[in-house]
>>> print(open('protein_13.csv').read())   # CSV, N, CA and C atoms and all ligand atoms
chain,number,residue,atom,x,y,z
A,189,MET,N,-19.7,34.3,88.5
A,189,MET,CA,-20.5,35.1,87.5
A,189,MET,C,-21.6,34.2,86.9
A,190,HIS,N,-22.7,33.9,87.5
A,190,HIS,CA,-23.7,33.1,86.8
A,190,HIS,C,-24.9,34.0,86.3
A,191,GLU,N,-24.7,35.3,86.3
A,191,GLU,CA,-25.7,36.2,85.9
A,191,GLU,C,-26.0,36.0,84.4
A,192,LEU,N,-24.9,35.7,83.6
A,192,LEU,CA,-25.1,35.7,82.1
A,192,LEU,C,-26.1,34.6,81.7
A,193,PRO,N,-25.9,33.3,82.1
A,193,PRO,CA,-26.9,32.3,81.7
A,193,PRO,C,-28.3,32.6,82.3
A,194,ILE,N,-28.4,33.1,83.5
A,194,ILE,CA,-29.6,33.5,84.1
A,194,ILE,C,-30.3,34.5,83.2
A,195,THR,N,-29.5,35.5,82.8
A,195,THR,CA,-30.1,36.6,81.9
A,195,THR,C,-30.5,36.1,80.6
A,196,GLU,N,-29.7,35.1,80.0
A,196,GLU,CA,-30.1,34.5,78.7
A,196,GLU,C,-31.5,33.8,78.9
A,197,SER,N,-31.7,33.1,80.0
A,197,SER,CA,-32.9,32.4,80.2
A,197,SER,C,-34.1,33.4,80.3
A,198,ILE,N,-33.8,34.5,81.0
A,198,ILE,CA,-34.9,35.6,81.1
A,198,ILE,C,-35.3,36.0,79.7
A,199,VAL,N,-34.4,36.4,78.9
A,199,VAL,CA,-34.7,36.9,77.6
A,199,VAL,C,-35.4,35.8,76.7
A,200,ARG,N,-34.9,34.5,76.9
A,200,ARG,CA,-35.5,33.4,76.1
A,200,ARG,C,-37.0,33.2,76.5
A,201,ILE,N,-37.2,33.2,77.8
A,201,ILE,CA,-38.6,33.0,78.3
A,201,ILE,C,-39.5,34.1,77.9
A,202,ALA,N,-39.0,35.3,78.1
A,202,ALA,CA,-39.8,36.5,77.7
A,202,ALA,C,-40.1,36.5,76.2
A,203,SER,N,-39.1,36.2,75.4
A,203,SER,CA,-39.3,36.2,74.0
A,203,SER,C,-40.3,35.1,73.6
A,204,ASP,N,-40.2,33.9,74.2
A,204,ASP,CA,-41.2,32.9,73.9
A,204,ASP,C,-42.6,33.3,74.2
A,205,GLU,N,-42.8,33.9,75.4
A,205,GLU,CA,-44.1,34.4,75.8
A,205,GLU,C,-44.6,35.4,74.8
A,206,ALA,N,-43.7,36.3,74.4
A,206,ALA,CA,-44.1,37.4,73.5
A,206,ALA,C,-44.6,36.8,72.2
A,207,LEU,N,-43.9,35.8,71.7
A,207,LEU,CA,-44.3,35.1,70.4
A,207,LEU,C,-45.7,34.5,70.6
A,208,LYS,N,-45.9,33.8,71.7
A,208,LYS,CA,-47.1,33.1,72.0
A,208,LYS,C,-48.3,34.0,72.0
A,209,HIS,N,-48.1,35.2,72.5
A,209,HIS,CA,-49.2,36.1,72.8
A,209,HIS,C,-49.3,37.3,71.8
A,210,ASN,N,-48.6,37.2,70.7
A,210,ASN,CA,-48.7,38.3,69.7
A,210,ASN,C,-48.2,39.6,70.2
A,211,VAL,N,-47.2,39.6,71.0
A,211,VAL,CA,-46.7,40.8,71.6
A,211,VAL,C,-45.7,41.5,70.7
A,212,SER,N,-45.8,42.8,70.5
A,212,SER,CA,-44.9,43.5,69.6
A,212,SER,C,-43.7,44.0,70.3
A,213,LYS,N,-43.9,44.3,71.6
A,213,LYS,CA,-42.8,44.8,72.3
A,213,LYS,C,-43.0,44.6,73.8
A,214,ILE,N,-41.9,44.2,74.5
A,214,ILE,CA,-42.0,44.1,76.0
A,214,ILE,C,-41.4,45.3,76.6
A,215,ASN,N,-42.3,45.9,77.5
A,215,ASN,CA,-41.9,47.2,78.1
A,215,ASN,C,-41.2,47.0,79.4
A,216,GLU,N,-41.6,46.0,80.1
A,216,GLU,CA,-41.1,45.8,81.5
A,216,GLU,C,-41.2,44.4,81.9
A,217,ILE,N,-40.1,43.9,82.6
A,217,ILE,CA,-40.1,42.5,83.1
A,217,ILE,C,-39.8,42.6,84.6
A,218,ARG,N,-40.7,42.0,85.4
A,218,ARG,CA,-40.5,42.0,86.8
A,218,ARG,C,-40.0,40.6,87.2
A,219,ILE,N,-38.9,40.6,87.9
A,219,ILE,CA,-38.2,39.4,88.3
A,219,ILE,C,-38.0,39.3,89.8
A,220,LYS,N,-38.2,38.1,90.3
A,220,LYS,CA,-38.0,37.9,91.7
A,220,LYS,C,-36.7,37.0,91.9
A,221,ILE,N,-35.8,37.4,92.8
A,221,ILE,CA,-34.7,36.6,93.0
A,221,ILE,C,-34.5,36.4,94.5
A,222,GLY,N,-34.2,35.2,95.0
A,222,GLY,CA,-33.9,35.0,96.4
A,222,GLY,C,-32.6,35.6,96.8
A,223,GLU,N,-32.6,36.0,98.1
A,223,GLU,CA,-31.5,36.7,98.7
A,223,GLU,C,-30.2,35.8,98.6
A,224,ILE,N,-30.4,34.5,98.8
A,224,ILE,CA,-29.2,33.6,98.8
A,224,ILE,C,-28.7,33.2,97.4
A,225,SER,N,-29.5,33.5,96.4
A,225,SER,CA,-29.1,33.2,95.1
A,225,SER,C,-27.7,33.8,94.7
A,226,GLY,N,-27.4,34.9,95.3
A,226,GLY,CA,-26.2,35.6,95.1
A,226,GLY,C,-26.2,36.4,93.8
A,227,LEU,N,-27.3,36.5,93.2
A,227,LEU,CA,-27.4,37.2,91.9
A,227,LEU,C,-27.4,38.7,92.1
A,228,VAL,N,-26.6,39.4,91.3
A,228,VAL,CA,-26.5,40.9,91.5
A,228,VAL,C,-27.4,41.6,90.4
A,229,PRO,N,-28.4,42.3,90.9
A,229,PRO,CA,-29.3,42.9,90.0
A,229,PRO,C,-28.6,43.8,88.9
A,230,GLU,N,-27.6,44.5,89.3
A,230,GLU,CA,-26.9,45.4,88.4
A,230,GLU,C,-26.3,44.6,87.2
A,231,CYS,N,-25.8,43.4,87.6
A,231,CYS,CA,-25.1,42.5,86.6
A,231,CYS,C,-26.2,42.0,85.6
A,232,ILE,N,-27.4,41.6,86.1
A,232,ILE,CA,-28.4,41.1,85.3
A,232,ILE,C,-28.8,42.2,84.3
A,233,GLN,N,-29.0,43.4,84.8
A,233,GLN,CA,-29.4,44.5,83.9
A,233,GLN,C,-28.4,44.8,82.8
A,234,TYR,N,-27.1,44.7,83.2
A,234,TYR,CA,-26.0,44.9,82.3
A,234,TYR,C,-26.1,43.9,81.2
A,235,TYR,N,-26.1,42.6,81.6
A,235,TYR,CA,-26.2,41.5,80.6
A,235,TYR,C,-27.5,41.6,79.7
A,236,PHE,N,-28.6,42.0,80.4
A,236,PHE,CA,-29.8,42.0,79.7
A,236,PHE,C,-29.8,43.0,78.5
A,237,ASP,N,-29.2,44.1,78.7
A,237,ASP,CA,-29.1,45.1,77.7
A,237,ASP,C,-28.3,44.5,76.5
A,238,VAL,N,-27.3,43.7,76.7
A,238,VAL,CA,-26.6,43.1,75.7
A,238,VAL,C,-27.3,41.9,75.0
A,239,VAL,N,-27.9,41.0,75.9
A,239,VAL,CA,-28.5,39.8,75.4
A,239,VAL,C,-29.8,40.1,74.6
A,240,SER,N,-30.6,41.1,75.1
A,240,SER,CA,-31.9,41.3,74.6
A,240,SER,C,-31.9,42.1,73.2
A,241,ALA,N,-30.7,42.6,72.8
A,241,ALA,CA,-30.6,43.4,71.6
A,241,ALA,C,-31.1,42.6,70.4
A,242,GLY,N,-32.1,43.2,69.7
A,242,GLY,CA,-32.6,42.5,68.5
A,242,GLY,C,-33.8,41.6,68.8
A,243,THR,N,-34.2,41.5,70.1
A,243,THR,CA,-35.3,40.7,70.5
A,243,THR,C,-36.5,41.6,70.8
A,244,LYS,N,-37.7,41.1,71.1
A,244,LYS,CA,-38.8,41.9,71.5
A,244,LYS,C,-38.6,42.5,72.9
A,245,ALA,N,-37.6,42.0,73.6
A,245,ALA,CA,-37.4,42.4,74.9
A,245,ALA,C,-36.4,43.6,75.0
A,246,GLU,N,-35.8,43.9,73.8
A,246,GLU,CA,-34.9,45.0,73.7
A,246,GLU,C,-35.4,46.3,74.3
A,247,GLY,N,-34.6,46.9,75.2
A,247,GLY,CA,-35.0,48.2,75.8
A,247,GLY,C,-36.0,48.1,76.9
A,248,ALA,N,-36.4,46.8,77.2
A,248,ALA,CA,-37.3,46.6,78.4
A,248,ALA,C,-36.7,47.0,79.7
A,249,LYS,N,-37.5,47.5,80.6
A,249,LYS,CA,-37.0,47.8,81.9
A,249,LYS,C,-37.1,46.6,82.8
A,250,LEU,N,-36.0,46.3,83.5
A,250,LEU,CA,-36.1,45.2,84.4
A,250,LEU,C,-36.4,45.7,85.8
A,251,ILE,N,-37.3,45.1,86.5
A,251,ILE,CA,-37.6,45.4,87.9
A,251,ILE,C,-37.3,44.2,88.7
A,252,ILE,N,-36.3,44.3,89.5
A,252,ILE,CA,-35.8,43.1,90.2
A,252,ILE,C,-36.1,43.2,91.7
A,253,ASN,N,-36.9,42.3,92.2
A,253,ASN,CA,-37.2,42.3,93.6
A,253,ASN,C,-36.5,41.1,94.3
A,254,LYS,N,-35.9,41.4,95.4
A,254,LYS,CA,-35.2,40.3,96.2
A,254,LYS,C,-36.2,39.7,97.2
A,255,LEU,N,-36.1,38.4,97.3
A,255,LEU,CA,-36.9,37.7,98.3
A,255,LEU,C,-36.0,37.3,99.5
A,256,PRO,N,-36.6,37.4,100.7
A,256,PRO,CA,-35.7,37.2,101.9
A,256,PRO,C,-35.5,35.6,102.0
A,257,ILE,N,-34.5,35.3,102.8
A,257,ILE,CA,-34.3,33.9,103.2
A,257,ILE,C,-35.3,33.5,104.3
A,258,VAL,N,-36.0,32.4,104.1
A,258,VAL,CA,-37.0,32.0,105.0
A,258,VAL,C,-36.6,30.6,105.5
A,259,MET,N,-36.6,30.5,106.9
A,259,MET,CA,-36.3,29.2,107.5
A,259,MET,C,-37.5,28.6,108.2
A,260,LYS,N,-37.4,27.3,108.3
A,260,LYS,CA,-38.5,26.6,109.0
A,260,LYS,C,-37.9,25.7,110.0
A,261,CYS,N,-38.5,25.7,111.3
A,261,CYS,CA,-38.0,24.8,112.3
A,261,CYS,C,-38.6,23.4,112.0
A,262,VAL,N,-37.6,22.4,112.1
A,262,VAL,CA,-38.0,21.0,111.8
A,262,VAL,C,-38.8,20.5,112.9
A,263,ASN,N,-38.6,20.9,114.1
A,263,ASN,CA,-39.2,20.4,115.3
A,263,ASN,C,-40.7,20.9,115.5
A,264,CYS,N,-40.9,22.2,115.3
A,264,CYS,CA,-42.3,22.7,115.6
A,264,CYS,C,-42.9,23.5,114.4
A,265,ASN,N,-42.2,23.5,113.3
A,265,ASN,CA,-42.7,24.1,112.1
A,265,ASN,C,-42.8,25.6,112.1
A,266,PHE,N,-42.2,26.2,113.1
A,266,PHE,CA,-42.1,27.7,113.1
A,266,PHE,C,-41.4,28.2,111.8
A,267,THR,N,-42.0,29.2,111.2
A,267,THR,CA,-41.5,29.6,109.9
A,267,THR,C,-41.3,31.1,110.0
A,268,GLY,N,-40.1,31.6,109.6
A,268,GLY,CA,-39.9,33.0,109.6
A,268,GLY,C,-38.6,33.4,108.9
A,269,GLU,N,-38.3,34.7,108.7
A,269,GLU,CA,-37.1,35.1,108.1
A,269,GLU,C,-35.9,34.9,109.0
A,270,THR,N,-34.7,34.8,108.5
A,270,THR,CA,-33.5,34.4,109.3
A,270,THR,C,-33.3,35.3,110.5
A,271,ASP,N,-33.7,36.5,110.5
A,271,ASP,CA,-33.5,37.4,111.7
A,271,ASP,C,-34.3,37.0,112.9
A,272,LYS,N,-35.3,36.1,112.7
A,272,LYS,CA,-36.1,35.6,113.8
A,272,LYS,C,-35.4,34.5,114.5
A,273,PHE,N,-34.5,33.8,113.8
A,273,PHE,CA,-33.7,32.7,114.4
A,273,PHE,C,-32.4,33.2,115.0
A,274,VAL,N,-32.5,33.8,116.2
A,274,VAL,CA,-31.4,34.3,116.8
A,274,VAL,C,-30.4,33.2,117.3
A,275,GLU,N,-29.1,33.4,116.9
A,275,GLU,CA,-28.1,32.3,117.2
A,275,GLU,C,-28.5,31.0,116.7
A,276,ASN,N,-29.2,31.0,115.5
A,276,ASN,CA,-29.6,29.8,114.9
A,276,ASN,C,-30.5,28.9,115.7
A,277,LYS,N,-31.3,29.5,116.6
A,277,LYS,CA,-32.2,28.7,117.4
A,277,LYS,C,-33.7,29.1,117.0
A,278,CYS,N,-34.6,28.2,117.1
A,278,CYS,CA,-36.0,28.5,116.9
A,278,CYS,C,-36.5,29.3,118.1
A,279,PRO,N,-37.1,30.5,117.8
A,279,PRO,CA,-37.6,31.3,118.9
A,279,PRO,C,-38.8,30.7,119.6
A,280,ASP,N,-39.4,29.7,119.1
A,280,ASP,CA,-40.5,29.0,119.7
A,280,ASP,C,-40.1,27.9,120.6
A,281,CYS,N,-39.3,27.0,120.1
A,281,CYS,CA,-39.0,25.8,120.9
A,281,CYS,C,-37.5,25.6,121.2
A,282,GLY,N,-36.7,26.5,120.6
A,282,GLY,CA,-35.2,26.5,121.0
A,282,GLY,C,-34.5,25.5,120.2
A,283,SER,N,-35.1,24.7,119.3
A,283,SER,CA,-34.4,23.7,118.5
A,283,SER,C,-33.4,24.4,117.5
A,284,THR,N,-32.4,23.7,117.2
A,284,THR,CA,-31.4,24.2,116.3
A,284,THR,C,-31.6,23.5,114.9
A,285,GLN,N,-32.6,22.6,114.8
A,285,GLN,CA,-32.8,21.9,113.6
A,285,GLN,C,-33.8,22.7,112.7
A,286,MET,N,-33.3,23.2,111.6
A,286,MET,CA,-34.1,24.0,110.7
A,286,MET,C,-33.7,23.8,109.3
A,287,LYS,N,-34.6,24.1,108.4
A,287,LYS,CA,-34.2,24.0,107.0
A,287,LYS,C,-34.7,25.3,106.3
A,288,MET,N,-34.0,25.6,105.2
A,288,MET,CA,-34.3,26.8,104.4
A,288,MET,C,-35.4,26.4,103.5
A,289,ILE,N,-36.5,27.2,103.5
A,289,ILE,CA,-37.6,26.9,102.6
A,289,ILE,C,-37.8,28.1,101.6
A,290,GLY,N,-37.0,29.1,101.7
A,290,GLY,CA,-37.2,30.2,100.7
A,290,GLY,C,-35.9,31.0,100.7
A,291,GLY,N,-35.6,31.7,99.6
A,291,GLY,CA,-34.4,32.5,99.5
A,291,GLY,C,-33.6,32.2,98.3
A,292,ASN,N,-33.9,31.1,97.6
A,292,ASN,CA,-33.1,30.7,96.5
A,292,ASN,C,-33.9,30.7,95.2
A,293,GLU,N,-35.0,31.5,95.2
A,293,GLU,CA,-35.9,31.5,94.1
A,293,GLU,C,-35.3,32.3,92.9
A,294,PHE,N,-35.8,32.0,91.8
A,294,PHE,CA,-35.5,32.9,90.6
A,294,PHE,C,-36.6,32.7,89.6
A,295,TYR,N,-37.4,33.7,89.4
A,295,TYR,CA,-38.5,33.5,88.4
A,295,TYR,C,-39.0,34.9,87.8
A,296,ILE,N,-39.6,34.8,86.7
A,296,ILE,CA,-40.2,36.0,86.1
A,296,ILE,C,-41.6,36.1,86.7
A,297,ASP,N,-41.8,37.2,87.4
A,297,ASP,CA,-43.1,37.4,88.1
A,297,ASP,C,-44.2,37.9,87.1
A,298,SER,N,-43.9,38.9,86.3
A,298,SER,CA,-44.9,39.4,85.4
A,298,SER,C,-44.2,40.3,84.3
A,299,MET,N,-44.9,40.5,83.3
A,299,MET,CA,-44.4,41.4,82.2
A,299,MET,C,-45.4,42.4,81.8
A,300,GLU,N,-44.9,43.6,81.3
A,300,GLU,CA,-45.8,44.5,80.7
A,300,GLU,C,-45.5,44.6,79.3
A,301,VAL,N,-46.5,44.5,78.4
A,301,VAL,CA,-46.2,44.4,77.0
A,301,VAL,C,-47.1,45.2,76.1
A,302,GLU,N,-46.7,45.4,74.9
A,302,GLU,CA,-47.6,46.0,73.9
A,302,GLU,C,-48.0,45.0,72.9
A,303,LYS,N,-49.2,44.9,72.5
A,303,LYS,CA,-49.7,43.9,71.6
A,303,LYS,C,-49.8,44.4,70.2
A,304,ASP,N,-49.7,43.5,69.3
A,304,ASP,CA,-49.9,43.8,67.8
A,304,ASP,C,-51.3,44.0,67.6
A,305,GLY,N,-51.7,44.8,66.6
A,305,GLY,CA,-53.1,45.0,66.2
A,305,GLY,C,-53.7,46.1,67.1
A,306,ASP,N,-54.5,45.8,68.0
A,306,ASP,CA,-55.3,46.8,68.7
A,306,ASP,C,-54.4,47.8,69.4
B,1,ZN,ZN,-39.3,25.3,116.8
>>> encode(input="protein_13.csv", output="structure tokens", more="lines below")
Ligand SMILES: [Zn+2]
Amino acid sequence: MHELPITESIVRIASDEALKHNVSKINEIRIKIGEISGLVPECIQYYFDVVSAGTKAEGAKLIINKLPIVMKCVNCNFTGETDKFVENKCPDCGSTQMKMIGGNEFYIDSMEVEKDGD
């Protein structure tokens, strides 16, 4: 269960941004998480409701998008999602040497906010 610290950092980052930009309320937070991170969106939402209480992010809607695992062939630089690498082989050159270049991401993509004043 590593969703709790992740969720705490989401709320912290969002609150910091809100302070910096005179935001009165955060309506929506869009988050990207890599497929392999193992993070469960439902858990993040659950913790978010608890952790964000009393902050400017309270009541905000979380929109969580999963990013696919992306592999790259070390031999010929072919890049694609895992389903392209049948039996763990590069579809271009047949090499079995590859590395993961995407799928472990976690970041706040954007936020929708209400500003003070205007
Ligand atoms: Zn290759």
>>> atom_distance(input="protein_13.csv", atom1="atom N of Asp237 (chain A)", atom2="atom C of Leu250 (chain A)")
10.2 Å
>>> closest_residue(input="protein_13.csv", among="A:Lys303, A:Lys213, A:Lys260, A:His190", to="ligand ZN 1 (chain B)", atoms="only N, CA and C atoms and all ligand atoms")
A:Lys260
>>> select_by_dssp(input="protein_13.csv", residues="region 198-271 of chain A", states="helix (DSSP H, G or I)", output="MDAnalysis selection string")
chainID A and resid 198:208 223:225 229:239 270:271
>>> write_last_selection(input="protein_13.csv", atoms="N, CA and C atoms", output="short mmCIF file (atom, residue, chain, number, x, y, z; two decimals), in the coordinates of the input")
data_model
loop_
_atom_site.label_atom_id
_atom_site.label_comp_id
_atom_site.auth_asym_id
_atom_site.auth_seq_id
_atom_site.Cartn_x
_atom_site.Cartn_y
_atom_site.Cartn_z
N ILE A 198 -33.80 34.50 81.00
CA ILE A 198 -34.90 35.60 81.10
C ILE A 198 -35.30 36.00 79.70
N VAL A 199 -34.40 36.40 78.90
CA VAL A 199 -34.70 36.90 77.60
C VAL A 199 -35.40 35.80 76.70
N ARG A 200 -34.90 34.50 76.90
CA ARG A 200 -35.50 33.40 76.10
C ARG A 200 -37.00 33.20 76.50
N ILE A 201 -37.20 33.20 77.80
CA ILE A 201 -38.60 33.00 78.30
C ILE A 201 -39.50 34.10 77.90
N ALA A 202 -39.00 35.30 78.10
CA ALA A 202 -39.80 36.50 77.70
C ALA A 202 -40.10 36.50 76.20
N SER A 203 -39.10 36.20 75.40
CA SER A 203 -39.30 36.20 74.00
C SER A 203 -40.30 35.10 73.60
N ASP A 204 -40.20 33.90 74.20
CA ASP A 204 -41.20 32.90 73.90
C ASP A 204 -42.60 33.30 74.20
N GLU A 205 -42.80 33.90 75.40
CA GLU A 205 -44.10 34.40 75.80
C GLU A 205 -44.60 35.40 74.80
N ALA A 206 -43.70 36.30 74.40
CA ALA A 206 -44.10 37.40 73.50
C ALA A 206 -44.60 36.80 72.20
N LEU A 207 -43.90 35.80 71.70
CA LEU A 207 -44.30 35.10 70.40
C LEU A 207 -45.70 34.50 70.60
N LYS A 208 -45.90 33.80 71.70
CA LYS A 208 -47.10 33.10 72.00
C LYS A 208 -48.30 34.00 72.00
N GLU A 223 -32.60 36.00 98.10
CA GLU A 223 -31.50 36.70 98.70
C GLU A 223 -30.20 35.80 98.60
N ILE A 224 -30.40 34.50 98.80
CA ILE A 224 -29.20 33.60 98.80
C ILE A 224 -28.70 33.20 97.40
N SER A 225 -29.50 33.50 96.40
CA SER A 225 -29.10 33.20 95.10
C SER A 225 -27.70 33.80 94.70
N PRO A 229 -28.40 42.30 90.90
CA PRO A 229 -29.30 42.90 90.00
C PRO A 229 -28.60 43.80 88.90
N GLU A 230 -27.60 44.50 89.30
CA GLU A 230 -26.90 45.40 88.40
C GLU A 230 -26.30 44.60 87.20
N CYS A 231 -25.80 43.40 87.60
CA CYS A 231 -25.10 42.50 86.60
C CYS A 231 -26.20 42.00 85.60
N ILE A 232 -27.40 41.60 86.10
CA ILE A 232 -28.40 41.10 85.30
C ILE A 232 -28.80 42.20 84.30
N GLN A 233 -29.00 43.40 84.80
CA GLN A 233 -29.40 44.50 83.90
C GLN A 233 -28.40 44.80 82.80
N TYR A 234 -27.10 44.70 83.20
CA TYR A 234 -26.00 44.90 82.30
C TYR A 234 -26.10 43.90 81.20
N TYR A 235 -26.10 42.60 81.60
CA TYR A 235 -26.20 41.50 80.60
C TYR A 235 -27.50 41.60 79.70
N PHE A 236 -28.60 42.00 80.40
CA PHE A 236 -29.80 42.00 79.70
C PHE A 236 -29.80 43.00 78.50
N ASP A 237 -29.20 44.10 78.70
CA ASP A 237 -29.10 45.10 77.70
C ASP A 237 -28.30 44.50 76.50
N VAL A 238 -27.30 43.70 76.70
CA VAL A 238 -26.60 43.10 75.70
C VAL A 238 -27.30 41.90 75.00
N VAL A 239 -27.90 41.00 75.90
CA VAL A 239 -28.50 39.80 75.40
C VAL A 239 -29.80 40.10 74.60
N THR A 270 -34.70 34.80 108.50
CA THR A 270 -33.50 34.40 109.30
C THR A 270 -33.30 35.30 110.50
N ASP A 271 -33.70 36.50 110.50
CA ASP A 271 -33.50 37.40 111.70
C ASP A 271 -34.30 37.00 112.90
#
>>> atom_distance(input="protein_13.csv", atom1="atom N of Ile232 (chain A)", atom2="CA of Ile251 (chain A)")
11.0 Å
>>> atom_distance(input="protein_13.csv", atom1="CA of Thr284 (chain A)", atom2="CA of Thr267 (chain A)")
13.1 Å
>>> residues_near_ligand(input="protein_13.csv", ligand="ligand ZN 1 (chain B)", cutoff="6.5 Å", atoms="only N, CA and C atoms and all ligand atoms", output="ChimeraX atom specification")
/A:261-266,278-283
>>> write_last_selection(input="protein_13.csv", atoms="N, CA and C atoms", output="PDB file, in the coordinates of the input")
ATOM      1  N   CYS A 261     -38.500  25.700 111.300  1.00  0.00           N
ATOM      2  CA  CYS A 261     -38.000  24.800 112.300  1.00  0.00           C
ATOM      3  C   CYS A 261     -38.600  23.400 112.000  1.00  0.00           C
ATOM      4  N   VAL A 262     -37.600  22.400 112.100  1.00  0.00           N
ATOM      5  CA  VAL A 262     -38.000  21.000 111.800  1.00  0.00           C
ATOM      6  C   VAL A 262     -38.800  20.500 112.900  1.00  0.00           C
ATOM      7  N   ASN A 263     -38.600  20.900 114.100  1.00  0.00           N
ATOM      8  CA  ASN A 263     -39.200  20.400 115.300  1.00  0.00           C
ATOM      9  C   ASN A 263     -40.700  20.900 115.500  1.00  0.00           C
ATOM     10  N   CYS A 264     -40.900  22.200 115.300  1.00  0.00           N
ATOM     11  CA  CYS A 264     -42.300  22.700 115.600  1.00  0.00           C
ATOM     12  C   CYS A 264     -42.900  23.500 114.400  1.00  0.00           C
ATOM     13  N   ASN A 265     -42.200  23.500 113.300  1.00  0.00           N
ATOM     14  CA  ASN A 265     -42.700  24.100 112.100  1.00  0.00           C
ATOM     15  C   ASN A 265     -42.800  25.600 112.100  1.00  0.00           C
ATOM     16  N   PHE A 266     -42.200  26.200 113.100  1.00  0.00           N
ATOM     17  CA  PHE A 266     -42.100  27.700 113.100  1.00  0.00           C
ATOM     18  C   PHE A 266     -41.400  28.200 111.800  1.00  0.00           C
ATOM     19  N   CYS A 278     -34.600  28.200 117.100  1.00  0.00           N
ATOM     20  CA  CYS A 278     -36.000  28.500 116.900  1.00  0.00           C
ATOM     21  C   CYS A 278     -36.500  29.300 118.100  1.00  0.00           C
ATOM     22  N   PRO A 279     -37.100  30.500 117.800  1.00  0.00           N
ATOM     23  CA  PRO A 279     -37.600  31.300 118.900  1.00  0.00           C
ATOM     24  C   PRO A 279     -38.800  30.700 119.600  1.00  0.00           C
ATOM     25  N   ASP A 280     -39.400  29.700 119.100  1.00  0.00           N
ATOM     26  CA  ASP A 280     -40.500  29.000 119.700  1.00  0.00           C
ATOM     27  C   ASP A 280     -40.100  27.900 120.600  1.00  0.00           C
ATOM     28  N   CYS A 281     -39.300  27.000 120.100  1.00  0.00           N
ATOM     29  CA  CYS A 281     -39.000  25.800 120.900  1.00  0.00           C
ATOM     30  C   CYS A 281     -37.500  25.600 121.200  1.00  0.00           C
ATOM     31  N   GLY A 282     -36.700  26.500 120.600  1.00  0.00           N
ATOM     32  CA  GLY A 282     -35.200  26.500 121.000  1.00  0.00           C
ATOM     33  C   GLY A 282     -34.500  25.500 120.200  1.00  0.00           C
ATOM     34  N   SER A 283     -35.100  24.700 119.300  1.00  0.00           N
ATOM     35  CA  SER A 283     -34.400  23.700 118.500  1.00  0.00           C
ATOM     36  C   SER A 283     -33.400  24.400 117.500  1.00  0.00           C
TER      37      SER A 283
END
>>> residues_near_point(input="protein_13.csv", point="(-34.5, 31.0, 96.9)", cutoff="7 Å", atoms="all atoms listed in the file", output="list in words")
Ile221, Gly222, Glu223, Ile224, Ser225, Leu255, Pro256, Ile257, Ile289, Gly290, Gly291, Asn292, Glu293 and Phe294 of chain A
>>> build_atoms(input="protein_13.csv", residues="region 280-290 of chain A", atoms="N, CA, C and O atoms", output="PDB file, keeping the file's coordinate frame")
ATOM      1  N   ASP A 280     -39.400  29.700 119.100  1.00  0.00           N
ATOM      2  CA  ASP A 280     -40.500  29.000 119.700  1.00  0.00           C
ATOM      3  C   ASP A 280     -40.100  27.900 120.600  1.00  0.00           C
ATOM      4  O   ASP A 280     -40.537  27.813 121.783  1.00  0.00           O
ATOM      5  N   CYS A 281     -39.300  27.000 120.100  1.00  0.00           N
ATOM      6  CA  CYS A 281     -39.000  25.800 120.900  1.00  0.00           C
ATOM      7  C   CYS A 281     -37.500  25.600 121.200  1.00  0.00           C
ATOM      8  O   CYS A 281     -37.094  24.738 121.918  1.00  0.00           O
ATOM      9  N   GLY A 282     -36.700  26.500 120.600  1.00  0.00           N
ATOM     10  CA  GLY A 282     -35.200  26.500 121.000  1.00  0.00           C
ATOM     11  C   GLY A 282     -34.500  25.500 120.200  1.00  0.00           C
ATOM     12  O   GLY A 282     -33.247  25.313 120.350  1.00  0.00           O
ATOM     13  N   SER A 283     -35.100  24.700 119.300  1.00  0.00           N
ATOM     14  CA  SER A 283     -34.400  23.700 118.500  1.00  0.00           C
ATOM     15  C   SER A 283     -33.400  24.400 117.500  1.00  0.00           C
ATOM     16  O   SER A 283     -33.618  25.523 117.096  1.00  0.00           O
ATOM     17  N   THR A 284     -32.400  23.700 117.200  1.00  0.00           N
ATOM     18  CA  THR A 284     -31.400  24.200 116.300  1.00  0.00           C
ATOM     19  C   THR A 284     -31.600  23.500 114.900  1.00  0.00           C
ATOM     20  O   THR A 284     -30.753  23.620 114.023  1.00  0.00           O
ATOM     21  N   GLN A 285     -32.600  22.600 114.800  1.00  0.00           N
ATOM     22  CA  GLN A 285     -32.800  21.900 113.600  1.00  0.00           C
ATOM     23  C   GLN A 285     -33.800  22.700 112.700  1.00  0.00           C
ATOM     24  O   GLN A 285     -34.944  22.894 113.065  1.00  0.00           O
ATOM     25  N   MET A 286     -33.300  23.200 111.600  1.00  0.00           N
ATOM     26  CA  MET A 286     -34.100  24.000 110.700  1.00  0.00           C
ATOM     27  C   MET A 286     -33.700  23.800 109.300  1.00  0.00           C
ATOM     28  O   MET A 286     -32.592  23.339 109.019  1.00  0.00           O
ATOM     29  N   LYS A 287     -34.600  24.100 108.400  1.00  0.00           N
ATOM     30  CA  LYS A 287     -34.200  24.000 107.000  1.00  0.00           C
ATOM     31  C   LYS A 287     -34.700  25.300 106.300  1.00  0.00           C
ATOM     32  O   LYS A 287     -35.594  25.989 106.721  1.00  0.00           O
ATOM     33  N   MET A 288     -34.000  25.600 105.200  1.00  0.00           N
ATOM     34  CA  MET A 288     -34.300  26.800 104.400  1.00  0.00           C
ATOM     35  C   MET A 288     -35.400  26.400 103.500  1.00  0.00           C
ATOM     36  O   MET A 288     -35.329  25.473 102.719  1.00  0.00           O
ATOM     37  N   ILE A 289     -36.500  27.200 103.500  1.00  0.00           N
ATOM     38  CA  ILE A 289     -37.600  26.900 102.600  1.00  0.00           C
ATOM     39  C   ILE A 289     -37.800  28.100 101.600  1.00  0.00           C
ATOM     40  O   ILE A 289     -38.631  27.957 100.683  1.00  0.00           O
ATOM     41  N   GLY A 290     -37.000  29.100 101.700  1.00  0.00           N
ATOM     42  CA  GLY A 290     -37.200  30.200 100.700  1.00  0.00           C
ATOM     43  C   GLY A 290     -35.900  31.000 100.700  1.00  0.00           C
ATOM     44  O   GLY A 290     -35.176  31.097 101.700  1.00  0.00           O
TER      45      GLY A 290
END
